[in-house]
Amino acid sequence: IPSSSVGRMYQCRPLVVASKASTLNGEGGQEPVYVTTPIYYVNDKPHIGHVYTSTLSDAYARYHRLQGKEVHFLTGTDEHGLKVEQSAQKRGTEPQLLADENSAAFRQTMEEFGISFDQFIRTTDDHHKQQVSAYVERLMESGMIYLGTFEGWYDEGQEEYHTETQAKELDYKSPINGKPLVKSSEENYYFKLSAFQ
C-alpha cells in the first residue's frame, strides 16, 4: 500500500486508549492477554490482507485494554525463507537489504493505520536470534528435536506441501494459482510431537 494513498483512502486515526504501564505479570488477579498477528514475510510490500489481520488483532487488543486488562500486542516480520531469497535475487539485491526495506514498510503501514502494537519484532533482530537459539538448544538437549526427511509435492506460491494423493487429485497443480507443483525432498529438524500423544 503506497504510503501516500493510505491517509487519503481511509482517513484512519488511531483510537487513544488510556492504559497504565504494564509488566504483564498478572497482578490484580487478572491474567495478562497476549495478542499476536502472523509475522509477515518480507518478500514483498504489505497489502490489504496484512492490514486486515492486523486490524482484527488490534480490535481484540483494544477490547481487552478497555476491559482494564494488561495486554501485550506483538506484530512484526519473518525475514527468513526461500521466498525472501528468491525475491531478493529477482530484484538484484541482498536478502537482508530487501528485508530491511520491506520490514520498514510493514512497520510504517501498521503505524499509518493506527495499529496499537506494543512490540514490532524482526526475526533478524539479535535478541530474537539469541532467544530462538537458546530455546532450540534446550529442545535439542531434551531429545525433543530430531533430524528427518520430508518428501512431497510443493506449492511454491503457497509454501505448502501436498501428499502424492492430494497432488494427484489436484492434477499436480496449485489450487490457488494453477502453477505446477514441484516434487521436493528436504531435510529438516522436527519436534517429537508423538511423545505428547
# chains A, B, ... in the order shown; residues from 1 in each chain; ligands from 1
$ select_by_dssp --residues "stretch 3-171 of chain A" --states "strand (DSSP E or B)" --output "JSON, numbers by chain"
{"A": [33, 34, 35, 36, 40, 41, 71, 72, 73, 74, 75, 76, 77, 78, 119, 120, 121, 122, 145, 146, 147, 148, 149, 150, 151, 152, 153, 154, 155, 160, 161, 162]}
$ closest_residue --among "A:Lys168, A:Arg122, A:Lys129, A:Lys192" --to "A:Ile39" --atoms "only C-alpha atoms"
A:Arg122
$ closest_residue --among "A:Lys173, A:His128, A:Tyr63, A:Tyr189" --to "A:Ile145" --atoms "only C-alpha atoms"
A:Tyr189
$ closest_residue --among "A:Ser116, A:Leu74, A:Thr163, A:Glu156" --to "A:Ile176" --atoms "only C-alpha atoms"
A:Glu156
$ residues_around --residues "A:Asp155" --least-positions-apart "2" --cutoff "7 Å" --atoms "only C-alpha atoms" --output "ChimeraX atom specification"
/A:153,157-161,174,181-182
$ write_last_selection --atoms "N, CA, C and O atoms" --output "compact mmCIF listing (two decimals), in the first residue's frame"
# COMPACT_ATOMS: atom_id res chain seq x y z
N TRP A 153 4.87 -32.97 -2.74
CA TRP A 153 4.68 -32.04 -3.85
C TRP A 153 4.51 -30.65 -3.27
O TRP A 153 3.60 -30.41 -2.49
N GLY A 157 4.11 -21.09 -4.49
CA GLY A 157 3.39 -19.85 -4.22
C GLY A 157 2.75 -19.83 -2.84
O GLY A 157 2.67 -18.79 -2.20
N GLN A 158 2.28 -20.99 -2.38
CA GLN A 158 1.60 -21.08 -1.09
C GLN A 158 2.51 -21.60 0.02
O GLN A 158 2.10 -21.68 1.17
N GLU A 159 3.74 -22.00 -0.35
CA GLU A 159 4.68 -22.61 0.59
C GLU A 159 4.01 -23.74 1.36
O GLU A 159 3.99 -23.79 2.58
N GLU A 160 3.44 -24.67 0.59
CA GLU A 160 2.66 -25.75 1.17
C GLU A 160 2.99 -27.06 0.46
O GLU A 160 3.12 -27.09 -0.76
N TYR A 161 3.13 -28.11 1.25
CA TYR A 161 3.35 -29.44 0.70
C TYR A 161 2.03 -30.18 0.55
O TYR A 161 1.12 -30.01 1.36
N SER A 174 -1.18 -26.15 -8.46
CA SER A 174 -1.61 -25.39 -7.30
C SER A 174 -3.10 -25.08 -7.41
O SER A 174 -3.56 -24.61 -8.45
N LEU A 181 2.92 -28.07 -9.34
CA LEU A 181 3.56 -28.41 -8.07
C LEU A 181 4.93 -28.98 -8.37
O LEU A 181 5.16 -29.56 -9.43
N VAL A 182 5.86 -28.83 -7.45
CA VAL A 182 7.23 -29.28 -7.64
C VAL A 182 7.52 -30.44 -6.69
O VAL A 182 7.31 -30.31 -5.48
$ closest_residue --among "A:Asp58, A:Glu94, A:Pro32, A:Gly152" --to "A:Thr165" --atoms "only C-alpha atoms"
A:Gly152
$ decode --residues "stretch 52-68 of chain A" --atoms "all heavy atoms" --output "PDB file, in the first residue's frame"
ATOM      1  N   TYR A  52      -5.681  -6.257   7.161  1.00  0.00           N
ATOM      2  CA  TYR A  52      -6.879  -6.907   7.673  1.00  0.00           C
ATOM      3  C   TYR A  52      -6.584  -7.724   8.930  1.00  0.00           C
ATOM      4  O   TYR A  52      -7.237  -7.553   9.965  1.00  0.00           O
ATOM      5  CB  TYR A  52      -7.491  -7.799   6.586  1.00  0.00           C
ATOM      6  CG  TYR A  52      -8.663  -8.624   7.058  1.00  0.00           C
ATOM      7  CD1 TYR A  52      -9.899  -8.033   7.306  1.00  0.00           C
ATOM      8  CD2 TYR A  52      -8.530  -9.992   7.263  1.00  0.00           C
ATOM      9  CE1 TYR A  52     -10.981  -8.782   7.748  1.00  0.00           C
ATOM     10  CE2 TYR A  52      -9.605 -10.746   7.704  1.00  0.00           C
ATOM     11  CZ  TYR A  52     -10.825 -10.143   7.941  1.00  0.00           C
ATOM     12  OH  TYR A  52     -11.879 -10.891   8.379  1.00  0.00           O
ATOM     13  N   THR A  53      -5.592  -8.625   8.860  1.00  0.00           N
ATOM     14  CA  THR A  53      -5.289  -9.459  10.032  1.00  0.00           C
ATOM     15  C   THR A  53      -4.766  -8.614  11.184  1.00  0.00           C
ATOM     16  O   THR A  53      -5.061  -8.892  12.348  1.00  0.00           O
ATOM     17  CB  THR A  53      -4.291 -10.574   9.696  1.00  0.00           C
ATOM     18  OG1 THR A  53      -3.107 -10.011   9.125  1.00  0.00           O
ATOM     19  CG2 THR A  53      -4.882 -11.585   8.732  1.00  0.00           C
ATOM     20  N   SER A  54      -4.025  -7.571  10.872  1.00  0.00           N
ATOM     21  CA  SER A  54      -3.522  -6.685  11.924  1.00  0.00           C
ATOM     22  C   SER A  54      -4.655  -5.910  12.576  1.00  0.00           C
ATOM     23  O   SER A  54      -4.658  -5.697  13.798  1.00  0.00           O
ATOM     24  CB  SER A  54      -2.486  -5.710  11.353  1.00  0.00           C
ATOM     25  OG  SER A  54      -1.375  -6.433  10.864  1.00  0.00           O
ATOM     26  N   THR A  55      -5.633  -5.491  11.773  1.00  0.00           N
ATOM     27  CA  THR A  55      -6.772  -4.754  12.310  1.00  0.00           C
ATOM     28  C   THR A  55      -7.606  -5.641  13.232  1.00  0.00           C
ATOM     29  O   THR A  55      -8.057  -5.196  14.296  1.00  0.00           O
ATOM     30  CB  THR A  55      -7.635  -4.192  11.165  1.00  0.00           C
ATOM     31  OG1 THR A  55      -6.822  -3.319  10.372  1.00  0.00           O
ATOM     32  CG2 THR A  55      -8.837  -3.426  11.685  1.00  0.00           C
ATOM     33  N   LEU A  56      -7.807  -6.888  12.857  1.00  0.00           N
ATOM     34  CA  LEU A  56      -8.543  -7.814  13.726  1.00  0.00           C
ATOM     35  C   LEU A  56      -7.816  -7.996  15.058  1.00  0.00           C
ATOM     36  O   LEU A  56      -8.434  -7.970  16.123  1.00  0.00           O
ATOM     37  CB  LEU A  56      -8.721  -9.166  13.039  1.00  0.00           C
ATOM     38  CG  LEU A  56      -9.669  -9.205  11.850  1.00  0.00           C
ATOM     39  CD1 LEU A  56      -9.702 -10.607  11.243  1.00  0.00           C
ATOM     40  CD2 LEU A  56     -11.067  -8.781  12.241  1.00  0.00           C
ATOM     41  N   SER A  57      -6.503  -8.185  14.988  1.00  0.00           N
ATOM     42  CA  SER A  57      -5.716  -8.342  16.212  1.00  0.00           C
ATOM     43  C   SER A  57      -5.755  -7.071  17.048  1.00  0.00           C
ATOM     44  O   SER A  57      -5.844  -7.123  18.276  1.00  0.00           O
ATOM     45  CB  SER A  57      -4.261  -8.693  15.857  1.00  0.00           C
ATOM     46  OG  SER A  57      -4.207  -9.913  15.160  1.00  0.00           O
ATOM     47  N   ASP A  58      -5.706  -5.938  16.379  1.00  0.00           N
ATOM     48  CA  ASP A  58      -5.752  -4.648  17.061  1.00  0.00           C
ATOM     49  C   ASP A  58      -7.083  -4.472  17.798  1.00  0.00           C
ATOM     50  O   ASP A  58      -7.115  -4.044  18.955  1.00  0.00           O
ATOM     51  CB  ASP A  58      -5.554  -3.525  16.044  1.00  0.00           C
ATOM     52  CG  ASP A  58      -5.534  -2.152  16.680  1.00  0.00           C
ATOM     53  OD1 ASP A  58      -4.717  -1.931  17.587  1.00  0.00           O
ATOM     54  OD2 ASP A  58      -6.352  -1.308  16.273  1.00  0.00           O
ATOM     55  N   ALA A  59      -8.185  -4.826  17.143  1.00  0.00           N
ATOM     56  CA  ALA A  59      -9.507  -4.709  17.785  1.00  0.00           C
ATOM     57  C   ALA A  59      -9.580  -5.592  19.028  1.00  0.00           C
ATOM     58  O   ALA A  59     -10.106  -5.179  20.068  1.00  0.00           O
ATOM     59  CB  ALA A  59     -10.604  -5.087  16.793  1.00  0.00           C
ATOM     60  N   TYR A  60      -9.022  -6.783  18.935  1.00  0.00           N
ATOM     61  CA  TYR A  60      -9.011  -7.706  20.070  1.00  0.00           C
ATOM     62  C   TYR A  60      -8.187  -7.123  21.225  1.00  0.00           C
ATOM     63  O   TYR A  60      -8.612  -7.145  22.382  1.00  0.00           O
ATOM     64  CB  TYR A  60      -8.449  -9.054  19.618  1.00  0.00           C
ATOM     65  CG  TYR A  60      -8.512 -10.133  20.663  1.00  0.00           C
ATOM     66  CD1 TYR A  60      -9.707 -10.790  20.930  1.00  0.00           C
ATOM     67  CD2 TYR A  60      -7.379 -10.511  21.365  1.00  0.00           C
ATOM     68  CE1 TYR A  60      -9.773 -11.796  21.887  1.00  0.00           C
ATOM     69  CE2 TYR A  60      -7.424 -11.509  22.322  1.00  0.00           C
ATOM     70  CZ  TYR A  60      -8.629 -12.155  22.575  1.00  0.00           C
ATOM     71  OH  TYR A  60      -8.682 -13.141  23.523  1.00  0.00           O
ATOM     72  N   ALA A  61      -7.005  -6.593  20.901  1.00  0.00           N
ATOM     73  CA  ALA A  61      -6.146  -5.996  21.938  1.00  0.00           C
ATOM     74  C   ALA A  61      -6.832  -4.793  22.583  1.00  0.00           C
ATOM     75  O   ALA A  61      -6.836  -4.636  23.809  1.00  0.00           O
ATOM     76  CB  ALA A  61      -4.800  -5.582  21.328  1.00  0.00           C
ATOM     77  N   ARG A  62      -7.435  -3.928  21.769  1.00  0.00           N
ATOM     78  CA  ARG A  62      -8.116  -2.741  22.303  1.00  0.00           C
ATOM     79  C   ARG A  62      -9.297  -3.126  23.189  1.00  0.00           C
ATOM     80  O   ARG A  62      -9.538  -2.494  24.218  1.00  0.00           O
ATOM     81  CB  ARG A  62      -8.577  -1.836  21.152  1.00  0.00           C
ATOM     82  CG  ARG A  62      -7.429  -1.138  20.450  1.00  0.00           C
ATOM     83  CD  ARG A  62      -7.936  -0.378  19.228  1.00  0.00           C
ATOM     84  NE  ARG A  62      -6.852   0.103  18.423  1.00  0.00           N
ATOM     85  CZ  ARG A  62      -6.341   1.326  18.500  1.00  0.00           C
ATOM     86  NH1 ARG A  62      -6.808   2.189  19.372  1.00  0.00           N
ATOM     87  NH2 ARG A  62      -5.359   1.685  17.708  1.00  0.00           N
ATOM     88  N   TYR A  63     -10.036  -4.140  22.780  1.00  0.00           N
ATOM     89  CA  TYR A  63     -11.168  -4.601  23.582  1.00  0.00           C
ATOM     90  C   TYR A  63     -10.687  -4.981  24.988  1.00  0.00           C
ATOM     91  O   TYR A  63     -11.278  -4.565  25.987  1.00  0.00           O
ATOM     92  CB  TYR A  63     -11.848  -5.799  22.908  1.00  0.00           C
ATOM     93  CG  TYR A  63     -12.848  -6.470  23.813  1.00  0.00           C
ATOM     94  CD1 TYR A  63     -14.123  -5.941  24.002  1.00  0.00           C
ATOM     95  CD2 TYR A  63     -12.503  -7.633  24.507  1.00  0.00           C
ATOM     96  CE1 TYR A  63     -15.031  -6.545  24.850  1.00  0.00           C
ATOM     97  CE2 TYR A  63     -13.413  -8.243  25.355  1.00  0.00           C
ATOM     98  CZ  TYR A  63     -14.670  -7.696  25.525  1.00  0.00           C
ATOM     99  OH  TYR A  63     -15.563  -8.293  26.378  1.00  0.00           O
ATOM    100  N   HIS A  64      -9.621  -5.752  25.063  1.00  0.00           N
ATOM    101  CA  HIS A  64      -9.115  -6.184  26.369  1.00  0.00           C
ATOM    102  C   HIS A  64      -8.513  -5.027  27.169  1.00  0.00           C
ATOM    103  O   HIS A  64      -8.637  -5.004  28.400  1.00  0.00           O
ATOM    104  CB  HIS A  64      -8.135  -7.343  26.208  1.00  0.00           C
ATOM    105  CG  HIS A  64      -8.831  -8.626  25.902  1.00  0.00           C
ATOM    106  ND1 HIS A  64      -9.558  -9.322  26.828  1.00  0.00           N
ATOM    107  CD2 HIS A  64      -8.953  -9.318  24.746  1.00  0.00           C
ATOM    108  CE1 HIS A  64     -10.078 -10.391  26.275  1.00  0.00           C
ATOM    109  NE2 HIS A  64      -9.728 -10.411  25.005  1.00  0.00           N
ATOM    110  N   ARG A  65      -7.906  -4.088  26.480  1.00  0.00           N
ATOM    111  CA  ARG A  65      -7.404  -2.901  27.195  1.00  0.00           C
ATOM    112  C   ARG A  65      -8.567  -2.118  27.799  1.00  0.00           C
ATOM    113  O   ARG A  65      -8.476  -1.631  28.927  1.00  0.00           O
ATOM    114  CB  ARG A  65      -6.593  -2.014  26.256  1.00  0.00           C
ATOM    115  CG  ARG A  65      -5.242  -2.585  25.886  1.00  0.00           C
ATOM    116  CD  ARG A  65      -4.436  -1.589  25.062  1.00  0.00           C
ATOM    117  NE  ARG A  65      -3.245  -2.209  24.538  1.00  0.00           N
ATOM    118  CZ  ARG A  65      -2.969  -2.340  23.243  1.00  0.00           C
ATOM    119  NH1 ARG A  65      -3.797  -1.848  22.333  1.00  0.00           N
ATOM    120  NH2 ARG A  65      -1.862  -2.919  22.848  1.00  0.00           N
ATOM    121  N   LEU A  66      -9.654  -1.996  27.048  1.00  0.00           N
ATOM    122  CA  LEU A  66     -10.832  -1.296  27.553  1.00  0.00           C
ATOM    123  C   LEU A  66     -11.461  -2.014  28.751  1.00  0.00           C
ATOM    124  O   LEU A  66     -12.126  -1.394  29.569  1.00  0.00           O
ATOM    125  CB  LEU A  66     -11.884  -1.127  26.448  1.00  0.00           C
ATOM    126  CG  LEU A  66     -11.554  -0.077  25.389  1.00  0.00           C
ATOM    127  CD1 LEU A  66     -12.525  -0.169  24.220  1.00  0.00           C
ATOM    128  CD2 LEU A  66     -11.549   1.319  25.986  1.00  0.00           C
ATOM    129  N   GLN A  67     -11.228  -3.305  28.857  1.00  0.00           N
ATOM    130  CA  GLN A  67     -11.701  -4.089  29.992  1.00  0.00           C
ATOM    131  C   GLN A  67     -10.766  -3.949  31.197  1.00  0.00           C
ATOM    132  O   GLN A  67     -10.995  -4.556  32.237  1.00  0.00           O
ATOM    133  CB  GLN A  67     -11.810  -5.574  29.616  1.00  0.00           C
ATOM    134  CG  GLN A  67     -12.750  -5.870  28.456  1.00  0.00           C
ATOM    135  CD  GLN A  67     -14.165  -5.426  28.733  1.00  0.00           C
ATOM    136  OE1 GLN A  67     -14.722  -5.738  29.769  1.00  0.00           O
ATOM    137  NE2 GLN A  67     -14.739  -4.673  27.811  1.00  0.00           N
ATOM    138  N   GLY A  68      -9.707  -3.149  31.028  1.00  0.00           N
ATOM    139  CA  GLY A  68      -8.750  -2.927  32.113  1.00  0.00           C
ATOM    140  C   GLY A  68      -7.691  -4.006  32.233  1.00  0.00           C
ATOM    141  O   GLY A  68      -6.955  -4.054  33.226  1.00  0.00           O
TER     142      GLY A  68
END
